[in-house]
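**Q** Below is one structure. I have some questions about it.
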Amino acid sequence: MKVSELGEFGLIDLLAKMVNFAQDKQIAPSQQPIIGIGDDAAAWHGDASTQLATVDSFIQGVHFSLDVTPWKELGWKALAINLSDIAAMGGVPKYALISLALPDHTEVDNVTALYQGMIELAQQFGVAIVGGDTSSSPFVAINITVFGSARNKDKPILTRSGAKVGDKVAVTGYLGAATAGWEMLTKGLQFDPEATACLKRAFLHPYPRIAEGQLLVDQGVKTAIDISDGLISDLNHICKASQVSARIEVDRVPIQPTVKTNFSARALELALSGGEDYELLFTASTEVIDKISATAPCPVTVIGEIVADKAGKITLVDSNGNPFNLSKRGWEHFTSR
């Protein structure tokens, strides 16, 4: 059945049933919405902590291609990139609004698969899907707004503007696999089954670093960002907001091992500028980073330091201190090609 046969309100009823069935037992009673899907607006009880909100657009032909992205994975990733923004603030994601624009010929089964991907991720983090909108469109567009809050009202949230000269620059996890996965899928590259699964998962199934973001707050970190546009591009955002510069030792950047093996000559480039890894990039003292490394559920790697220089300037050097040139520094809408 196509969505044009089911109709807007039939589609809304179907998706509301999916969401309500999944959430009735998963969402804590204190977080259950007063009014969810089906009214003019959602409603829930607020709390006394700092509130967070983020919104992202996921547009067919710009952010994704249905030729390489299954509908279920599309739903997961569309929500994951929003939850990653909450993670970058050290917050707790709570509610999501989903706006869908779909071609009339879209199969209903594809839309339910899309929602199943979002529901699975929402359940893992206790996020309630409480409403949204549907409309027709010549292409698929997904707009998601996520609301959250600071976990601890006595501690500040993470921002981009608190980096200080002398701070070390650190990153969670490994980099480069998401863009490598995109290249594998779009260019038809062939790797062994284990590498294929790893790169596919990295590109289609990013995992928001919610727990890690909260750990950063608990340990007194002030500054962080999630890596969506590329390590160097996102570090530039921190440096500009903080009015500082950074010096990065490229040989210390943690490259995903599968990327090293299968993209040897380009592995470092993918890790530095590829984007969509959704790891957390942050700055703090050596002592604080050591404490985080001891308890974090993923690797944490120091890759450089914050220095005094022109705001936003990023200097790249190798292990011998020699300059390292990088032709592409990350993604930027309207200018990137």
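Residue numbers start at 1 in each chain; chains themselves are named A, B, ... in the order of the structure tokens; ligands are numbered from 1 in the order shown.
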Excluding region 41-44 of chain A and residues on its chain fewer than 5 positions from it, collect all residues at most 12 Å away from it, counting only C-alpha atoms, and give them as a list of chain:residue names.
**A**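 Contacts, in chain order: A:Pro29, A:Ser30, A:Gln31, A:Gln32, A:Pro33, A:Ile34, A:Ile35, A:Gly36, A:Lys94, A:Tyr95, A:Ala96, A:Leu97, A:Ile98, A:Ala128, A:Ile129, A:Val130, A:Gly131, A:Gly132, A:Asp133, A:Phe147.
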**Q** Apply DSSP to the structure's backbone, then extract all residues of region 218-305 of chain A labelled strand (DSSP E) and return them as a list in words.
**A**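 Checking each residue of region 218-305 of chain A, the strand (DSSP E) ones are Thr223, Ala224, Ile225, Asp226, Ser245, Ala246, Arg247, Ile248, Glu249, Leu280, Leu281, Phe282, Thr283, Ala284, Val300, Thr301, Val302, Ile303, Gly304 and Glu305 of chain A.
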**Q** Can I get the selection written as a PDB file, in the first residue's frame, with C-alpha atoms?
**A**
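Output (result_4.pdb):
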ATOM      1  CA  THR A 223      33.613  22.494  26.305  1.00  0.00           C
ATOM      2  CA  ALA A 224      32.564  19.861  23.787  1.00  0.00           C
ATOM      3  CA  ILE A 225      31.055  19.315  20.349  1.00  0.00           C
ATOM      4  CA  ASP A 226      29.959  16.239  18.444  1.00  0.00           C
ATOM      5  CA  SER A 245      43.570  28.282  18.425  1.00  0.00           C
ATOM      6  CA  ALA A 246      44.565  24.612  18.482  1.00  0.00           C
ATOM      7  CA  ARG A 247      47.593  22.512  17.582  1.00  0.00           C
ATOM      8  CA  ILE A 248      46.810  18.920  16.573  1.00  0.00           C
ATOM      9  CA  GLU A 249      49.310  16.069  16.259  1.00  0.00           C
ATOM     10  CA  LEU A 280      32.625  13.794  21.148  1.00  0.00           C
ATOM     11  CA  LEU A 281      35.476  16.271  20.768  1.00  0.00           C
ATOM     12  CA  PHE A 282      36.294  18.136  23.982  1.00  0.00           C
ATOM     13  CA  THR A 283      38.935  20.134  25.840  1.00  0.00           C
ATOM     14  CA  ALA A 284      40.077  19.794  29.442  1.00  0.00           C
ATOM     15  CA  VAL A 300      39.456   8.542  24.969  1.00  0.00           C
ATOM     16  CA  THR A 301      42.488   9.952  23.123  1.00  0.00           C
ATOM     17  CA  VAL A 302      44.382  13.216  23.567  1.00  0.00           C
ATOM     18  CA  ILE A 303      45.234  14.564  20.104  1.00  0.00           C
ATOM     19  CA  GLY A 304      46.579  18.066  20.772  1.00  0.00           C
ATOM     20  CA  GLU A 305      46.177  21.228  22.798  1.00  0.00           C
TER      21      GLU A 305
END
**Q** Which is closer to Gly220 (chain A) than all the others in A:Leu83, A:Ile289, A:Leu189, A:Ile306, using only C-alpha atoms?
**A**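 For Gly220 (chain A), the nearest of the candidates is A:Ile289.
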**Q** Ranking A:Ile27, A:Ala122, A:Val221, A:Val317 by minimum distance to Pro208 (chain A) and counting only C-alpha atoms, which one comes first?
**A**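 Once distances to Pro208 (chain A) are computed over only C-alpha atoms, the minimum belongs to A:Ala122.
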**Q** Write out, as a Markdown table, each residue of region 86-192 of chain A that has an atom at most 12 Å from region 49-65 of chain A, together with the closest pair of atoms and their distance in Å to one decimal, counting only C-alpha atoms, rows going by chain and rising number.
**A**
| residue | atom | partner | partner_atom | distance |
| --- | --- | --- | --- | --- |
| A:Ile86 | CA | A:Leu52 | CA | 7.3 |
| A:Ala87 | CA | A:Leu52 | CA | 10.6 |
| A:Ala88 | CA | A:Thr54 | CA | 11.0 |
| A:Met89 | CA | A:Leu52 | CA | 8.3 |
| A:Gly90 | CA | A:Leu52 | CA | 10.0 |
| A:Gly91 | CA | A:Leu52 | CA | 7.5 |
| A:Val92 | CA | A:Leu52 | CA | 8.6 |
| A:Pro93 | CA | A:Leu52 | CA | 8.3 |
| A:Lys94 | CA | A:Leu52 | CA | 9.6 |
| A:Tyr95 | CA | A:Ala53 | CA | 9.4 |
| A:Ala96 | CA | A:Val55 | CA | 9.5 |
| A:Leu97 | CA | A:Val55 | CA | 9.2 |
| A:Ile98 | CA | A:Val55 | CA | 9.9 |
| A:Ser99 | CA | A:Ser57 | CA | 9.3 |
| A:Leu100 | CA | A:Phe58 | CA | 9.8 |
| A:Ala101 | CA | A:Ile59 | CA | 9.5 |
| A:Leu102 | CA | A:Gln60 | CA | 10.1 |
| A:Pro103 | CA | A:Gln60 | CA | 11.1 |
| A:Ser137 | CA | A:Gln60 | CA | 10.9 |
| A:Pro138 | CA | A:Gln60 | CA | 9.9 |
| A:Phe139 | CA | A:Gln60 | CA | 6.2 |
| A:Val140 | CA | A:Gln60 | CA | 5.3 |
| A:Ala141 | CA | A:Ile59 | CA | 4.6 |
| A:Ile142 | CA | A:Phe58 | CA | 5.0 |
| A:Asn143 | CA | A:Ser57 | CA | 4.5 |
| A:Ile144 | CA | A:Val55 | CA | 5.6 |
| A:Thr145 | CA | A:Val55 | CA | 4.2 |
| A:Val146 | CA | A:Thr54 | CA | 5.4 |
| A:Phe147 | CA | A:Ala53 | CA | 4.4 |
| A:Gly148 | CA | A:Leu52 | CA | 4.8 |
| A:Ser149 | CA | A:Gln51 | CA | 4.3 |
| A:Ala150 | CA | A:Thr50 | CA | 5.3 |
| A:Arg151 | CA | A:Ser49 | CA | 7.5 |
| A:Asn152 | CA | A:Ser49 | CA | 7.2 |
| A:Lys153 | CA | A:Ser49 | CA | 5.1 |
| A:Asp154 | CA | A:Ser49 | CA | 8.8 |
| A:Lys155 | CA | A:Thr50 | CA | 9.9 |
| A:Pro156 | CA | A:Thr50 | CA | 8.8 |
| A:Ile157 | CA | A:Thr50 | CA | 8.3 |
| A:Leu158 | CA | A:Leu52 | CA | 11.2 |
| A:Thr159 | CA | A:Leu52 | CA | 11.8 |
| A:Trp182 | CA | A:Phe64 | CA | 9.7 |
| A:Leu185 | CA | A:Ser65 | CA | 10.3 |
| A:Thr186 | CA | A:Ser65 | CA | 9.1 |
**Q** Counting only C-alpha atoms, what is within 8 Å of region 234-243 of chain A, bar same-chain residues fewer than 4 positions away, as a PyMOL selection string?
**A** chain A and resi 160-164+223-230+281+310-314
**Q** With distances taken over only C-alpha atoms, which residue among A:Ile255, A:Val244, A:Ile37, A:Val108 lies nearest Asp277 (chain A)?
**A** A:Ile255
**Q** Can you list, as a list in words, every protein, DNA or RNA residue that comes within 7 Å of region 71-79 of chain A when you count only C-alpha atoms, leaving out same-chain residues fewer than 3 positions away?
**A**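 Returned residues: Phe58, Asn82, Leu83, Asn110, Ala113, Leu114, Tyr115, Gln116, Gly117, Met118, Leu121, Ile144, Leu204, His205 and Pro206 of chain A.
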**Q** With distances taken over only C-alpha atoms, which residue among A:Phe324, A:Phe191, A:Tyr278, A:Phe9 lies nearest Tyr174 (chain A)?
**A**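 Comparing A:Phe324, A:Phe191, A:Tyr278, A:Phe9 against Tyr174 (chain A), the winner is A:Tyr278.
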